[in-house]
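Data file: entry-v9.csv. Format and content: CSV, C-alpha atoms.
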```
chain,number,residue,atom,x,y,z
A,1073,MET,CA,0.0,0.0,0.0
A,1074,PRO,CA,1.2,3.6,-0.6
A,1075,ARG,CA,2.6,5.5,2.3
A,1076,ALA,CA,2.9,9.3,2.8
A,1077,PHE,CA,5.5,11.4,4.6
A,1078,LEU,CA,4.7,15.1,5.2
A,1079,VAL,CA,7.7,17.0,6.4
A,1080,VAL,CA,7.4,20.6,7.5
A,1081,MET,CA,10.7,22.7,7.4
A,1082,ASP,CA,9.4,25.1,10.0
A,1083,SER,CA,9.7,28.8,8.7
A,1084,VAL,CA,11.5,28.0,5.4
A,1085,GLY,CA,9.6,30.6,3.4
A,1086,ILE,CA,10.4,31.6,-0.2
A,1087,GLY,CA,8.8,35.1,-0.4
A,1088,GLY,CA,6.1,36.4,-2.6
A,1089,ALA,CA,3.0,36.1,-0.4
A,1090,PRO,CA,0.3,38.1,-2.2
A,1091,ASP,CA,-1.0,39.6,1.0
A,1092,ALA,CA,2.4,40.3,2.7
A,1093,SER,CA,1.8,44.0,2.8
A,1094,GLY,CA,-0.9,43.4,5.4
A,1095,PHE,CA,1.4,41.7,7.9
A,1096,PHE,CA,3.9,43.5,10.0
A,1097,ASN,CA,7.1,43.1,12.0
A,1098,GLY,CA,6.7,46.2,14.3
A,1099,ASP,CA,5.9,49.0,11.9
A,1100,LEU,CA,7.4,47.4,8.9
A,1101,PRO,CA,5.2,45.3,6.5
A,1102,ASP,CA,6.4,41.8,5.4
A,1103,LEU,CA,6.4,42.8,1.8
A,1104,GLY,CA,9.8,41.9,0.4
A,1105,ALA,CA,10.6,39.4,3.1
A,1106,ASN,CA,12.1,36.2,1.7
A,1107,THR,CA,13.7,33.7,4.2
A,1108,LEU,CA,15.5,31.5,1.7
A,1109,ALA,CA,16.6,34.1,-0.8
A,1110,HIS,CA,18.0,36.5,1.8
A,1111,ILE,CA,19.9,33.6,3.5
A,1112,ALA,CA,21.3,32.5,0.1
A,1113,GLN,CA,22.3,36.1,-0.8
A,1114,ALA,CA,24.1,36.5,2.6
A,1115,CYS,CA,26.0,33.3,2.0
A,1116,ALA,CA,27.0,34.3,-1.5
A,1117,ALA,CA,28.2,37.6,-0.2
A,1118,GLY,CA,30.3,36.1,2.6
A,1119,ARG,CA,28.1,37.3,5.4
A,1120,ALA,CA,27.2,33.9,6.8
A,1121,GLU,CA,30.5,32.4,7.7
A,1122,GLU,CA,30.0,31.3,11.3
A,1123,GLY,CA,30.4,27.5,11.4
A,1124,ARG,CA,30.1,27.2,7.6
A,1125,SER,CA,31.5,29.0,4.5
A,1126,GLY,CA,30.7,30.0,1.0
A,1127,PRO,CA,27.5,29.9,-1.1
A,1128,LEU,CA,24.4,28.1,0.4
A,1129,HIS,CA,24.7,24.5,-0.7
A,1130,LEU,CA,21.4,22.6,-0.9
A,1131,PRO,CA,21.8,20.1,-3.8
A,1132,THR,CA,19.2,17.6,-2.6
A,1133,LEU,CA,16.4,20.2,-2.1
A,1134,ASP,CA,17.4,22.0,-5.3
A,1135,ARG,CA,17.1,18.7,-7.3
A,1136,LEU,CA,13.6,18.4,-5.9
A,1137,GLY,CA,12.8,21.9,-7.2
A,1138,LEU,CA,13.5,24.3,-4.3
A,1139,GLY,CA,15.2,26.9,-6.5
A,1140,ALA,CA,12.5,26.6,-9.2
A,1141,ALA,CA,9.8,27.0,-6.5
A,1142,MET,CA,11.4,30.2,-5.2
A,1143,ARG,CA,11.6,31.7,-8.7
A,1144,LEU,CA,7.9,30.8,-9.2
A,1145,ALA,CA,6.9,32.4,-5.9
A,1146,SER,CA,9.0,35.5,-5.9
A,1147,SER,CA,10.9,35.8,-9.2
A,1148,VAL,CA,14.1,35.6,-7.2
A,1149,PRO,CA,16.9,33.3,-8.6
A,1150,PHE,CA,18.5,30.8,-6.3
A,1151,PRO,CA,22.3,30.7,-6.6
A,1152,GLY,CA,23.5,27.3,-7.7
A,1153,LEU,CA,20.3,26.2,-9.4
A,1154,PHE,CA,20.9,22.7,-10.9
A,1155,GLY,CA,18.4,22.9,-13.8
A,1156,VAL,CA,15.4,20.7,-14.4
A,1157,PRO,CA,14.0,19.5,-11.0
A,1158,GLU,CA,13.6,15.7,-10.5
A,1159,GLY,CA,10.3,15.9,-8.5
A,1160,LEU,CA,7.0,17.6,-8.5
A,1161,TRP,CA,7.5,21.2,-7.4
A,1162,GLY,CA,5.6,24.4,-6.8
A,1163,CYS,CA,4.7,26.9,-4.1
A,1164,ALA,CA,1.7,27.6,-1.9
A,1165,ALA,CA,0.1,30.6,-0.2
A,1166,GLU,CA,-1.9,30.6,3.0
A,1167,VAL,CA,-5.4,32.2,3.4
A,1168,SER,CA,-5.7,31.9,7.2
A,1169,PRO,CA,-5.4,35.3,9.0
A,1170,GLY,CA,-2.2,34.5,10.7
A,1171,LYS,CA,1.5,33.7,10.1
A,1172,ASP,CA,1.9,31.3,13.0
A,1173,THR,CA,2.5,27.6,13.7
A,1174,PRO,CA,-1.2,26.5,14.2
A,1175,SER,CA,-2.5,28.5,11.2
A,1176,GLY,CA,0.1,27.1,8.9
A,1177,HIS,CA,-0.1,23.5,10.0
A,1178,TRP,CA,-3.9,23.3,10.2
A,1179,GLU,CA,-4.1,24.7,6.7
A,1180,LEU,CA,-1.5,22.3,5.4
A,1181,ALA,CA,-3.6,19.6,7.0
A,1182,GLY,CA,-6.7,20.8,5.1
A,1183,VAL,CA,-8.5,23.3,7.3
A,1184,PRO,CA,-8.0,27.1,7.2
A,1185,VAL,CA,-8.4,29.0,10.4
A,1186,PRO,CA,-12.0,30.5,10.5
A,1187,TRP,CA,-11.3,33.2,13.2
A,1188,ASP,CA,-8.9,36.0,14.0
A,1189,TRP,CA,-6.3,35.1,16.7
A,1190,CYS,CA,-6.0,37.0,19.9
A,1191,PHE,CA,-2.7,38.9,20.2
A,1192,PHE,CA,-1.5,40.6,23.4
A,1193,PRO,CA,-0.4,44.3,23.1
A,1194,ASP,CA,3.3,45.2,23.4
A,1195,THR,CA,2.6,47.1,26.6
A,1196,LEU,CA,3.4,46.9,30.3
A,1197,PRO,CA,1.5,45.0,31.5
A,1198,ALA,CA,0.6,42.9,28.4
A,1199,PHE,CA,-2.1,40.8,30.0
A,1200,PRO,CA,-5.5,41.8,31.4
A,1201,THR,CA,-5.6,41.9,35.2
A,1202,ASP,CA,-8.2,39.2,35.4
A,1203,LEU,CA,-6.1,36.9,33.3
A,1204,ALA,CA,-3.0,37.5,35.3
A,1205,ASP,CA,-5.0,36.9,38.5
A,1206,HIS,CA,-6.4,33.6,37.1
A,1207,VAL,CA,-2.9,32.3,36.3
A,1208,ALA,CA,-1.6,33.3,39.7
A,1209,ARG,CA,-4.5,31.5,41.4
A,1210,ALA,CA,-3.9,28.4,39.3
A,1211,ALA,CA,-0.2,28.5,40.2
A,1212,GLY,CA,-0.9,28.9,43.9
A,1213,SER,CA,1.3,32.0,43.9
A,1214,THR,CA,0.8,35.6,45.0
A,1215,GLY,CA,1.3,36.9,41.4
A,1216,ILE,CA,3.1,36.5,38.1
A,1217,LEU,CA,6.4,37.8,36.9
A,1218,GLY,CA,7.1,39.3,33.4
A,1219,ASN,CA,3.6,40.2,32.0
A,1220,CYS,CA,5.2,41.5,28.9
A,1221,HIS,CA,6.5,40.8,25.4
A,1222,ALA,CA,10.0,39.2,25.7
A,1223,SER,CA,12.6,36.9,24.3
A,1224,GLY,CA,12.5,33.6,26.2
A,1225,THR,CA,16.2,33.5,26.9
A,1226,GLU,CA,16.4,37.1,27.9
A,1227,ILE,CA,13.4,36.9,30.4
A,1228,ILE,CA,14.7,33.9,32.3
A,1229,ALA,CA,18.1,35.6,32.6
A,1230,ARG,CA,16.4,38.7,34.0
A,1231,LEU,CA,13.8,37.1,36.2
A,1232,GLY,CA,15.1,33.6,36.9
A,1233,ALA,CA,16.5,34.4,40.3
A,1234,GLN,CA,13.3,36.3,41.4
A,1235,HIS,CA,11.2,33.4,40.2
A,1236,MET,CA,13.2,31.0,42.3
A,1237,GLN,CA,12.9,33.3,45.3
A,1238,THR,CA,9.1,34.0,45.0
A,1239,GLY,CA,7.8,30.9,43.3
A,1240,GLN,CA,5.9,33.2,40.9
A,1241,PRO,CA,5.7,31.9,37.3
A,1242,ILE,CA,7.3,34.0,34.5
A,1243,CYS,CA,4.6,34.8,32.0
A,1244,TYR,CA,5.3,36.5,28.7
A,1245,THR,CA,4.2,36.6,25.0
A,1246,SER,CA,5.4,37.6,21.6
A,1247,ALA,CA,4.1,38.8,18.3
A,1248,ASP,CA,2.5,35.3,17.9
A,1249,SER,CA,-0.8,34.4,19.5
A,1250,VAL,CA,0.9,32.7,22.5
A,1251,PHE,CA,0.9,32.8,26.3
A,1252,GLN,CA,4.2,31.4,27.5
A,1253,ILE,CA,5.0,30.3,31.1
A,1254,ALA,CA,8.6,29.8,32.2
A,1255,ALA,CA,9.4,28.0,35.4
A,1256,HIS,CA,12.4,26.3,37.0
A,1257,GLU,CA,12.3,22.5,36.6
A,1258,GLU,CA,13.6,21.9,40.1
A,1259,SER,CA,12.5,24.7,42.3
A,1260,PHE,CA,9.0,25.1,40.7
A,1261,GLY,CA,8.8,21.6,39.3
A,1262,LEU,CA,8.3,20.4,35.7
A,1263,GLU,CA,5.0,18.5,36.3
A,1264,ARG,CA,3.7,21.5,38.3
A,1265,LEU,CA,4.5,23.7,35.3
A,1266,LEU,CA,2.7,21.4,32.9
A,1267,ASP,CA,-0.3,21.1,35.2
A,1268,LEU,CA,-0.4,24.9,35.4
A,1269,CYS,CA,-0.5,25.2,31.6
A,1270,ARG,CA,-3.2,22.6,31.3
A,1271,ALA,CA,-5.3,24.5,33.9
A,1272,VAL,CA,-5.1,27.9,32.2
A,1273,ALA,CA,-5.2,26.7,28.6
A,1274,PRO,CA,-9.1,26.5,28.4
A,1275,ARG,CA,-9.3,30.2,29.4
A,1276,LEU,CA,-6.7,31.2,26.9
A,1277,HIS,CA,-8.3,29.1,24.1
A,1278,GLU,CA,-11.7,30.7,24.8
A,1279,MET,CA,-9.9,34.0,24.0
A,1280,LYS,CA,-8.6,32.5,20.8
A,1281,VAL,CA,-5.0,32.5,21.9
A,1282,GLY,CA,-3.5,29.8,19.8
A,1283,ARG,CA,-1.1,28.2,22.3
A,1284,VAL,CA,-0.1,28.1,25.9
A,1285,ILE,CA,3.5,27.1,26.0
A,1286,ALA,CA,5.4,25.6,28.9
A,1287,ARG,CA,9.0,26.8,28.9
A,1288,PRO,CA,11.0,24.9,31.6
A,1289,PHE,CA,14.5,25.9,32.5
A,1290,VAL,CA,17.3,24.9,34.8
A,1291,GLY,CA,20.4,26.6,36.3
A,1292,ASN,CA,21.1,29.1,39.1
A,1293,PRO,CA,21.7,32.9,39.4
A,1294,GLN,CA,25.5,32.4,39.8
A,1295,GLU,CA,26.1,30.2,36.7
A,1296,GLY,CA,23.1,31.3,34.6
A,1297,PHE,CA,19.9,29.7,33.3
A,1298,SER,CA,19.1,27.7,30.2
A,1299,ARG,CA,15.9,26.3,28.7
A,1300,THR,CA,15.5,22.5,28.5
A,1301,ALA,CA,14.1,20.3,25.8
A,1302,ASN,CA,10.9,19.7,27.9
A,1303,ARG,CA,8.9,22.4,26.2
A,1304,ARG,CA,5.3,21.6,25.7
A,1305,ASP,CA,2.7,23.4,23.6
A,1306,PHE,CA,-1.0,23.3,24.6
A,1307,ALA,CA,-2.7,24.3,21.4
A,1308,ILE,CA,-6.3,25.1,20.7
A,1309,PRO,CA,-7.9,22.1,18.8
A,1310,PRO,CA,-8.5,22.5,15.1
A,1311,PRO,CA,-12.1,23.6,14.2
A,1312,ALA,CA,-12.8,20.6,12.0
A,1313,PRO,CA,-11.3,17.2,11.1
A,1314,VAL,CA,-7.9,17.5,9.5
A,1315,LEU,CA,-5.6,15.2,7.5
A,1316,THR,CA,-4.6,13.1,10.5
A,1317,ASN,CA,-8.2,12.4,11.3
A,1318,TRP,CA,-9.0,11.6,7.7
A,1319,VAL,CA,-6.3,9.0,7.6
A,1320,GLN,CA,-7.0,7.5,11.0
A,1321,ASP,CA,-10.7,7.3,10.4
A,1322,ALA,CA,-9.9,5.2,7.3
A,1323,GLY,CA,-8.3,2.7,9.5
A,1324,ARG,CA,-4.7,3.8,8.8
A,1325,ARG,CA,-1.9,4.6,11.2
A,1326,VAL,CA,-0.6,8.2,11.8
A,1327,HIS,CA,2.8,8.8,13.2
A,1328,ALA,CA,3.8,12.3,14.5
A,1329,ILE,CA,7.4,13.5,14.7
A,1330,GLY,CA,8.3,16.7,16.6
A,1331,LYS,CA,5.7,19.2,17.8
A,1332,ILE,CA,3.0,17.8,15.5
A,1333,GLY,CA,1.3,16.2,18.5
A,1334,ASP,CA,1.1,19.5,20.3
A,1335,ILE,CA,-0.1,21.5,17.3
A,1336,PHE,CA,-3.0,19.1,16.7
A,1337,SER,CA,-3.7,18.2,20.4
A,1338,MET,CA,-2.9,14.6,19.5
A,1339,SER,CA,-6.1,14.4,17.4
A,1340,GLY,CA,-5.8,11.7,14.8
A,1341,ILE,CA,-2.3,10.7,16.0
A,1342,ASP,CA,-1.3,7.1,17.0
A,1343,THR,CA,2.4,7.6,17.9
A,1344,LEU,CA,4.5,10.6,18.8
A,1345,SER,CA,8.3,11.1,18.8
A,1346,LYS,CA,9.9,14.2,20.2
A,1347,GLY,CA,13.4,15.6,20.7
A,1348,PRO,CA,15.9,17.9,19.0
A,1349,ASP,CA,16.0,18.0,15.2
A,1350,THR,CA,19.0,15.6,15.1
A,1351,ALA,CA,16.9,13.0,16.9
A,1352,LEU,CA,13.8,13.7,14.8
A,1353,MET,CA,15.8,13.1,11.6
A,1354,GLN,CA,16.6,9.6,13.0
A,1355,GLN,CA,12.9,9.1,13.7
A,1356,LEU,CA,12.0,10.1,10.2
A,1357,ALA,CA,14.6,7.6,8.9
A,1358,THR,CA,13.1,4.9,11.1
A,1359,GLY,CA,9.6,5.8,9.7
A,1360,ILE,CA,10.8,5.5,6.1
A,1361,ASP,CA,12.3,2.1,6.9
A,1362,GLU,CA,9.5,0.7,9.1
A,1363,ALA,CA,6.1,2.6,8.7
A,1364,GLU,CA,3.2,0.4,7.8
A,1365,GLY,CA,1.6,0.4,4.3
A,1366,GLY,CA,-1.1,3.0,4.0
A,1367,SER,CA,0.3,5.1,6.9
A,1368,LEU,CA,0.9,8.9,7.2
A,1369,THR,CA,4.1,10.1,8.9
A,1370,PHE,CA,3.8,13.9,9.7
A,1371,ALA,CA,7.1,15.6,10.9
A,1372,ASN,CA,8.1,19.1,11.9
A,1373,PHE,CA,11.7,20.3,12.1
A,1374,VAL,CA,11.4,23.4,14.3
A,1375,GLU,CA,14.9,24.5,14.9
A,1376,PHE,CA,15.1,26.6,11.7
A,1377,ASP,CA,12.5,28.7,13.3
A,1378,SER,CA,13.1,28.5,17.0
A,1379,LEU,CA,16.9,28.6,17.1
A,1380,TYR,CA,17.8,30.8,14.1
A,1381,GLY,CA,14.8,32.6,12.5
A,1382,HIS,CA,13.5,34.3,15.7
A,1383,ARG,CA,17.1,35.0,16.8
A,1384,ARG,CA,17.9,36.5,13.4
A,1385,ASP,CA,20.9,34.2,13.0
A,1386,ILE,CA,21.7,33.9,9.3
A,1387,SER,CA,24.7,31.7,9.6
A,1388,GLY,CA,22.9,29.3,12.0
A,1389,TYR,CA,19.9,29.1,9.7
A,1390,ALA,CA,22.2,28.4,6.7
A,1391,ARG,CA,24.0,25.7,8.7
A,1392,ALA,CA,20.7,24.1,9.7
A,1393,LEU,CA,19.5,24.1,6.0
A,1394,GLU,CA,22.7,22.5,4.8
A,1395,TRP,CA,22.6,19.8,7.5
A,1396,PHE,CA,19.0,19.0,6.7
A,1397,ASP,CA,19.8,18.8,3.0
A,1398,ALA,CA,22.6,16.4,3.6
A,1399,GLU,CA,20.5,14.1,5.8
A,1400,LEU,CA,17.6,14.2,3.4
A,1401,GLY,CA,19.9,13.1,0.6
A,1402,LYS,CA,20.6,9.9,2.6
A,1403,LEU,CA,16.9,9.2,3.1
A,1404,LEU,CA,15.4,9.7,-0.3
A,1405,PRO,CA,17.0,6.5,-1.8
A,1406,ARG,CA,15.3,4.5,1.0
A,1407,LEU,CA,11.8,5.4,-0.1
A,1408,ARG,CA,9.6,2.6,-1.5
A,1409,PRO,CA,8.4,2.8,-5.1
A,1410,THR,CA,4.8,3.7,-4.0
A,1411,ASP,CA,5.8,6.3,-1.3
A,1412,MET,CA,5.1,10.0,-1.4
A,1413,LEU,CA,7.3,12.5,0.5
A,1414,VAL,CA,6.2,16.1,0.6
A,1415,LEU,CA,8.5,18.9,1.8
A,1416,THR,CA,7.0,22.2,2.7
A,1417,ALA,CA,6.9,25.0,5.3
A,1418,ASP,CA,4.3,26.7,7.5
A,1419,HIS,CA,5.3,30.3,7.2
A,1420,GLY,CA,8.5,32.4,6.8
A,1421,ASN,CA,10.9,33.7,9.4
A,1422,ASP,CA,13.4,35.9,7.5
A,1423,PRO,CA,16.6,36.2,9.6
A,1424,SER,CA,17.6,39.3,7.7
A,1425,TRP,CA,14.3,41.1,8.5
A,1426,PRO,CA,13.8,43.7,11.2
A,1427,GLY,CA,12.1,42.5,14.4
A,1428,THR,CA,11.8,38.9,15.6
A,1429,ASP,CA,8.4,37.8,14.3
A,1430,HIS,CA,7.5,35.3,11.6
A,1431,THR,CA,7.2,36.7,8.0
A,1432,ARG,CA,4.2,36.2,5.7
A,1433,GLU,CA,5.6,34.3,2.7
A,1434,GLN,CA,4.7,31.6,0.3
A,1435,VAL,CA,6.3,28.2,1.0
A,1436,PRO,CA,7.8,25.5,-1.2
A,1437,VAL,CA,5.9,22.3,-2.1
A,1438,LEU,CA,8.4,19.7,-3.2
A,1439,VAL,CA,7.3,16.1,-3.8
A,1440,ALA,CA,9.4,13.0,-4.2
A,1441,GLY,CA,7.9,9.7,-5.5
A,1442,CYS,CA,5.1,11.1,-7.7
A,1443,GLY,CA,6.8,12.0,-10.9
A,1444,THR,CA,8.2,15.3,-12.1
A,1445,GLY,CA,6.9,18.7,-13.2
A,1446,CYS,CA,5.6,22.0,-12.0
A,1447,ILE,CA,2.3,21.9,-9.9
A,1448,GLY,CA,2.1,25.8,-10.0
A,1449,GLN,CA,1.0,28.1,-7.3
A,1450,ARG,CA,-1.3,26.3,-4.9
A,1451,GLY,CA,-3.1,26.8,-1.6
A,1452,PHE,CA,-1.8,25.2,1.6
A,1453,VAL,CA,-5.0,23.1,1.7
A,1454,ASP,CA,-4.0,21.4,-1.6
A,1455,VAL,CA,-1.2,19.6,0.3
A,1456,ALA,CA,-3.7,17.7,2.4
A,1457,ALA,CA,-5.9,16.9,-0.5
A,1458,SER,CA,-3.0,15.5,-2.5
A,1459,ILE,CA,-1.8,13.3,0.3
A,1460,ALA,CA,-5.3,12.0,0.9
A,1461,ALA,CA,-5.6,11.2,-2.8
A,1462,HIS,CA,-2.2,9.4,-2.8
A,1463,LEU,CA,-3.3,7.3,0.2
A,1464,GLY,CA,-6.8,6.6,-1.2
A,1465,VAL,CA,-8.6,8.2,1.8
A,1466,THR,CA,-11.5,10.7,1.6
A,1467,ALA,CA,-10.5,14.4,1.9
A,1468,GLN,CA,-13.0,16.5,3.8
A,1469,GLY,CA,-11.4,20.0,3.3
A,1470,PRO,CA,-11.6,22.6,0.5
A,1471,GLY,CA,-8.3,21.6,-1.1
A,1472,LYS,CA,-7.7,20.2,-4.6
A,1473,SER,CA,-5.2,17.5,-5.3
A,1474,PHE,CA,-2.3,18.3,-7.5
A,1475,LEU,CA,-1.7,14.7,-8.4
```

Show this structure as structure tokens.
Amino acid sequence: MPRAFLVVMDSVGIGGAPDASGFFNGDLPDLGANTLAHIAQACAAGRAEEGRSGPLHLPTLDRLGLGAAMRLASSVPFPGLFGVPEGLWGCAAEVSPGKDTPSGHWELAGVPVPWDWCFFPDTLPAFPTDLADHVARAAGSTGILGNCHASGTEIIARLGAQHMQTGQPICYTSADSVFQIAAHEESFGLERLLDLCRAVAPRLHEMKVGRVIARPFVGNPQEGFSRTANRRDFAIPPPAPVLTNWVQDAGRRVHAIGKIGDIFSMSGIDTLSKGPDTALMQQLATGIDEAEGGSLTFANFVEFDSLYGHRRDISGYARALEWFDAELGKLLPRLRPTDMLVLTADHGNDPSWPGTDHTREQVPVLVAGCGTGCIGQRGFVDVAASIAAHLGVTAQGPGKSFL
């Protein structure tokens, strides 16, 4: 039976979103943002030399059509284009009113977001008093710390010691529709932090805040603090059945890799593997070798976004892309003749752009195992419809298959 692998390269946008002028980083619209092009240009100009050197080298992705997709989306040439792609290739634009993780993934899975997300103002305080009081009561504390827009690493450096002294959770947000709670794994307790996030998530979800995120950290005031890998996202459930449900309801298995389980609240998911991207690549390799016939494996590689895009680290982003490309090159020959592997992204996060927010961009759609040729400019929802068609399950969303 045919199998499908949907791999999201988190934030690897290729510019050209038709509505980019309506989305902003601070006061600057996203019009002109292009994550991949600006990384490639910086590499070619010798401005991305930390831990790597020279032009951006992505031969595997480019053979699948990455450079051609970028030219289709934004008319920007990709240095080192190999010529005629060896897979199906195209680009896709989002219609949901957001440029965040849930919006992008839900729409890739077949269901656009039908509401406007709640965003907190960049003010002091950022949260309504009744919400801050609700979180403090749930935490059993006298109040909360932070209550602002902040970088996660900066705010634990600034407030970590006070948090350990008072027991008050550190609460902060960003330009995304998120409510983040940071707490020390030992002095506050990891399970207590997760329980707190579970307790307050329904209130935040009623407000249409997309995610409550647990941000555990360790360390001490003398040696400094660092976040751990035990992050957990408590996301608002999708408003309708999505690709994972379609496949599971047809009696097939669905395997999630990375933060897919959090994004979809485990709906329609049979197994979940988490960890850093290096471990997730091994899980994807295992899935290619062992996943059942008829199954869907849905993976997200988040570190492009979390470690490099938001931190505006061009060299780091380029290193991550080149590592991913090399590992992907080892996996493609292991696909079975009836397999379909789709590579795409959920939004952009241009590391050359002002601010620290995601950028509204089109994304590549690269398909191995289903022939060659251009599939044109599509909607995100067409990805789900095409995977459903390949697996022979009924699609319930508005997308149209490109197969």

Write out as a Markdown table the residues of stretch 1083-1145 of chain A that have any atom within 12 Å of an atom of stretch 1245-1254 of chain A, one row each with the nearest atom pair and its distance in Å to one decimal, counting all atoms listed in the file, sorted by chain and then rising number.
```
| residue | atom | partner | partner_atom | distance |
| --- | --- | --- | --- | --- |
| A:Phe1095 | CA | A:Ala1247 | CA | 11.1 |
| A:Phe1096 | CA | A:Ala1247 | CA | 9.5 |
| A:Asn1097 | CA | A:Ala1247 | CA | 8.2 |
| A:Gly1098 | CA | A:Ala1247 | CA | 8.8 |
```

The selected residues should be written to file as an mmCIF file, in the frame of the given file (atoms: C-alpha atoms).
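Output file out_5.cif is given in full below:
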```cif
data_model
loop_
_atom_site.group_PDB
_atom_site.id
_atom_site.type_symbol
_atom_site.label_atom_id
_atom_site.label_comp_id
_atom_site.auth_asym_id
_atom_site.auth_seq_id
_atom_site.Cartn_x
_atom_site.Cartn_y
_atom_site.Cartn_z
ATOM 1 C CA PHE A 1095 1.400 41.700 7.900
ATOM 2 C CA PHE A 1096 3.900 43.500 10.000
ATOM 3 C CA ASN A 1097 7.100 43.100 12.000
ATOM 4 C CA GLY A 1098 6.700 46.200 14.300
#
```

Using the file's own x, y and z axes, so that the box edges lie along x, y and z, what centre and edge lengths in Å (one decimal) does a box around every listed atom of stretch 1188-1195 of chain A get when 5 Å is added on each side? Give it as AutoDock Vina command-line options.
```
--center_x -2.8 --center_y 41.1 --center_z 20.3 --size_x 22.2 --size_y 22.0 --size_z 22.6
```

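Nearest residue to A:Leu1276, choosing from A:Leu1108, A:Ile1308, A:Val1183, A:Met1073 and counting all atoms listed in the file: A:Ile1308.
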
Checklist entry - Taking into account only C-alpha atoms, which residue in the set A:Ile1360, A:Leu1475, A:Ala1390, A:Val1439 is nearest to A:Arg1408? => result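 Checking each of A:Ile1360, A:Leu1475, A:Ala1390, A:Val1439 against A:Arg1408, counting only C-alpha atoms, the winner is A:Ile1360.
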
Next on the checklist: Just checking: using all atoms listed in the file, which residue out of A:Glu1394, A:Glu1295, A:Asp1429, A:Glu1364 ends up closest to A:Gly1123?
Outcome noted: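 Counting all atoms listed in the file, the residue closest to A:Gly1123 is A:Glu1394.
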
Next on the checklist: One decimal, in Å: what's the spacing between atom CA of A:Ser1387 and atom CA of A:Arg1303?
Outcome noted: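 A separation of 24.7 Å between them.
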
Item to check | Pick from A:Asp1454, A:Glu1166, A:Asp1422, A:Asp1397 nearest to A:His1110, counting all atoms listed in the file | outcome: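 Nearest to A:His1110: A:Asp1422.
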
Checklist entry - Can you tell me, as a VMD selection string, what residues are no more than 7 Å from A:His1256 when counting all atoms listed in the file, ignoring any on the same chain fewer than 2 positions away? => result chain A and resid 1258 to 1261 1288 to 1290

Item to check | Long-range neighbours of A:Ile1335 as a PyMOL selection string, 9 Å cut-off, only C-alpha atoms, 3 positions minimum in chain | outcome: chain A and resi 1173-1174+1177-1178+1283+1305-1310+1331-1332+1338

Those same residues - C-alpha atoms - I'd like them written as a PDB file, in the frame of the given file.
```pdb
ATOM      1  CA  THR A1173       2.500  27.600  13.700  1.00  0.00           C
ATOM      2  CA  PRO A1174      -1.200  26.500  14.200  1.00  0.00           C
ATOM      3  CA  HIS A1177      -0.100  23.500  10.000  1.00  0.00           C
ATOM      4  CA  TRP A1178      -3.900  23.300  10.200  1.00  0.00           C
ATOM      5  CA  ARG A1283      -1.100  28.200  22.300  1.00  0.00           C
ATOM      6  CA  ASP A1305       2.700  23.400  23.600  1.00  0.00           C
ATOM      7  CA  PHE A1306      -1.000  23.300  24.600  1.00  0.00           C
ATOM      8  CA  ALA A1307      -2.700  24.300  21.400  1.00  0.00           C
ATOM      9  CA  ILE A1308      -6.300  25.100  20.700  1.00  0.00           C
ATOM     10  CA  PRO A1309      -7.900  22.100  18.800  1.00  0.00           C
ATOM     11  CA  PRO A1310      -8.500  22.500  15.100  1.00  0.00           C
ATOM     12  CA  LYS A1331       5.700  19.200  17.800  1.00  0.00           C
ATOM     13  CA  ILE A1332       3.000  17.800  15.500  1.00  0.00           C
ATOM     14  CA  MET A1338      -2.900  14.600  19.500  1.00  0.00           C
TER      15      MET A1338
END
```

Per residue of stretch 1108-1173 of chain A within 6 Å of stretch 1442-1448 of chain A, record the nearest atom pair and its distance in Å to one decimal, counting only C-alpha atoms, with rows in chain order and ascending residue number, as CSV.
```
residue,atom,partner,partner_atom,distance
A:Glu1158,CA,A:Thr1444,CA,5.6
A:Gly1159,CA,A:Thr1444,CA,4.2
A:Leu1160,CA,A:Thr1444,CA,4.4
A:Trp1161,CA,A:Cys1446,CA,5.0
A:Gly1162,CA,A:Gly1448,CA,4.9
```

Go ahead and save the picked residues with C-alpha atoms, as an mmCIF file, keeping the file's coordinate frame.
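Output contents, as saved in part01.cif:
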```
data_model
loop_
_atom_site.group_PDB
_atom_site.id
_atom_site.type_symbol
_atom_site.label_atom_id
_atom_site.label_comp_id
_atom_site.auth_asym_id
_atom_site.auth_seq_id
_atom_site.Cartn_x
_atom_site.Cartn_y
_atom_site.Cartn_z
ATOM 1 C CA GLU A 1158 13.600 15.700 -10.500
ATOM 2 C CA GLY A 1159 10.300 15.900 -8.500
ATOM 3 C CA LEU A 1160 7.000 17.600 -8.500
ATOM 4 C CA TRP A 1161 7.500 21.200 -7.400
ATOM 5 C CA GLY A 1162 5.600 24.400 -6.800
#
```

Checklist outcome for this item: Of A:Thr1300, A:Asn1317, A:Ser1337, A:Gln1468, the one sitting nearest A:Ala1273 when using only C-alpha atoms is A:Ser1337

Item to check | Selected residue, from A:Thr1201, A:Thr1225, A:Gln1237, A:Thr1214, that lies nearest to A:His1382 when counting all atoms listed in the file | outcome: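 Distance minimum relative to A:His1382 lands on A:Thr1225.
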
Per residue of stretch 1238-1320 of chain A within 12 Å of stretch 1369-1381 of chain A, note the shortest atom pair and the distance in Å to one decimal, counting all atoms listed in the file, and order the rows by chain and increasing residue number, as JSON lines.
```
{"residue": "A:Arg1299", "atom": "CA", "partner": "A:Leu1379", "partner_atom": "CA", "distance": 11.9}
{"residue": "A:Ala1301", "atom": "CA", "partner": "A:Glu1375", "partner_atom": "CA", "distance": 11.7}
{"residue": "A:Arg1303", "atom": "CA", "partner": "A:Ser1378", "partner_atom": "CA", "distance": 11.8}
{"residue": "A:Leu1315", "atom": "CA", "partner": "A:Phe1370", "partner_atom": "CA", "distance": 9.7}
{"residue": "A:Thr1316", "atom": "CA", "partner": "A:Phe1370", "partner_atom": "CA", "distance": 8.5}
{"residue": "A:Val1319", "atom": "CA", "partner": "A:Thr1369", "partner_atom": "CA", "distance": 10.5}
{"residue": "A:Gln1320", "atom": "CA", "partner": "A:Thr1369", "partner_atom": "CA", "distance": 11.6}
```
